[in-house]
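Quick notes on the structure that follows.
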Amino acid sequence: VIDKNGKFITGNYFDEYKAETKLILENYKKELSQRAYDILKVDLLASTEIQRLEYLTIHSSFKDTTFLSSIIRNYQLFISEEESQLPAEATYFSFNYPQYILDKFSIGKYRGVLSKSLKETAIDQVFLELKIKIKGELRDKVLTFLALNLHSTSERGDEMLNEVMSVLNTYYCIEELELFHKQNSVGKDAYDFLLPDVNGNYRKLSDFRGKVVF
């Protein structure tokens, strides 16, 4: 997807897939509301670019920081025009767009090839860049996505959850994280799930209250 100078190559599988899917979307445009059409348009770009960035991670080395900086700069140039044509409101409702934004700001910063777990040394940088460069409701939605991601993948999960909550302005994002924090705080009862044991008898987690469960 990139050449030896870190510039993104056009006309590959990802561009062909996006072009063909756009044609399908256009064929159904008259049957969709404008809002539905706009959201699907945003989802199409986001899902395709998530795949492109995953492919980039698999097939590229980010050990050379100068080359990595070139890739990040060139990707922004590559995608900026298409992003500028997206309806802003639709980006708030898109299912895939927050993940795409997070992936875009995390190029070379994930721990592994197919990992969505940020390197500990990159957390503060990604958080700061998202706070500064993304605006309004979209910023809050992406930061909420980041906080939920870090809570399950980083030792700093609780710290970053509180940090993100301190800068949010969008009420539903604040409510989402407050509820998540309440349900996942230390001392909170685990979900009382029901599963069969080795003898086929169904047991609840609460049946083992006060005992160590493996």
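Within each chain, counting starts at residue 1; across the structure tokens, chains are named A, B, ... in the order shown, with ligands numbered 1 upward in that order.
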* To do: Find the residues near Asn162 (chain A): any atom within 9 Å, counting only C-alpha atoms, skip ones fewer than 5 places away on the same chain, and give them as a PyMOL selection string.
  => chain A and resi 147+157+177+181
* Contact residues around region 115-120 of chain A with only C-alpha atoms at 8 Å, ignoring same-chain residues under 2 positions, as a PyMOL selection string -> chain A and resi 106+109-113+122-123+149-150+153-154
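Restricting the calculation to only C-alpha atoms, the smallest distance between Met165 (chain A) and any of A:Asp140, A:Asp3, A:Asp15, A:Glu54 is found for A:Asp140.
When only C-alpha atoms are used to measure the gap to Ala88 (chain A), the shortest distance among A:Glu16, A:Asp124, A:Asp43, A:Asp38 belongs to A:Asp38.
Residues surrounding Asn96 (chain A) within 9 Å are Val42, Asp43, Leu44, Leu45, Ala46, Ser47 and Ile50 of chain A [only C-alpha atoms; sequence separation below 6 positions excluded].
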* **region 7-125 of chain A: residues DSSP assigns to helix (DSSP H, G or I), reported as a PyMOL selection string** => chain A and resi 13-27+29-31+34-59+65-84+88-93+97-105+120-125
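Using only C-alpha atoms for every distance, the candidate list A:Lys41, A:Lys135, A:His59, A:Lys18 yields A:Lys41 as the residue closest to Tyr97 (chain A).
Omitting Leu205 (chain A) and its sequence neighbours fewer than 4 positions away, and counting only C-alpha atoms, the residues within 8 Å are Tyr191, Asp192, Phe193, Leu194 and Arg209 of chain A.
Of the listed residues A:Ile9, A:Ile24, A:Ile2, A:Ile39, the one whose atoms come nearest to Thr57 (chain A) is A:Ile2, with distances taken using only C-alpha atoms.
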* **Contacts of Ala36 (chain A) at 12 Å (only C-alpha atoms; same-chain gap of 2+ positions) as a PyMOL selection string** => chain A and resi 25+28-34+38-43+87+89-91+93-94
* Would you please work out which residue, of A:Pro98, A:Val167, A:Leu146, A:Leu23, is nearest to Ile132 (chain A) when using only C-alpha atoms? => A:Val167
* Give me, please, the distance in Å between CA of Gly6 (chain A) and CA of Ser70 (chain A), quoted to one decimal. => 5.9 Å
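Interatomic distance, CA of Phe14 (chain A) to CA of Val1 (chain A): 8.9 Å.
Minimum atom-to-atom distances from A:Asn12, A:Asn201, A:Gln51, A:Gln183 to Asp103 (chain A) were compared using only C-alpha atoms, and the lowest value belongs to A:Gln51.
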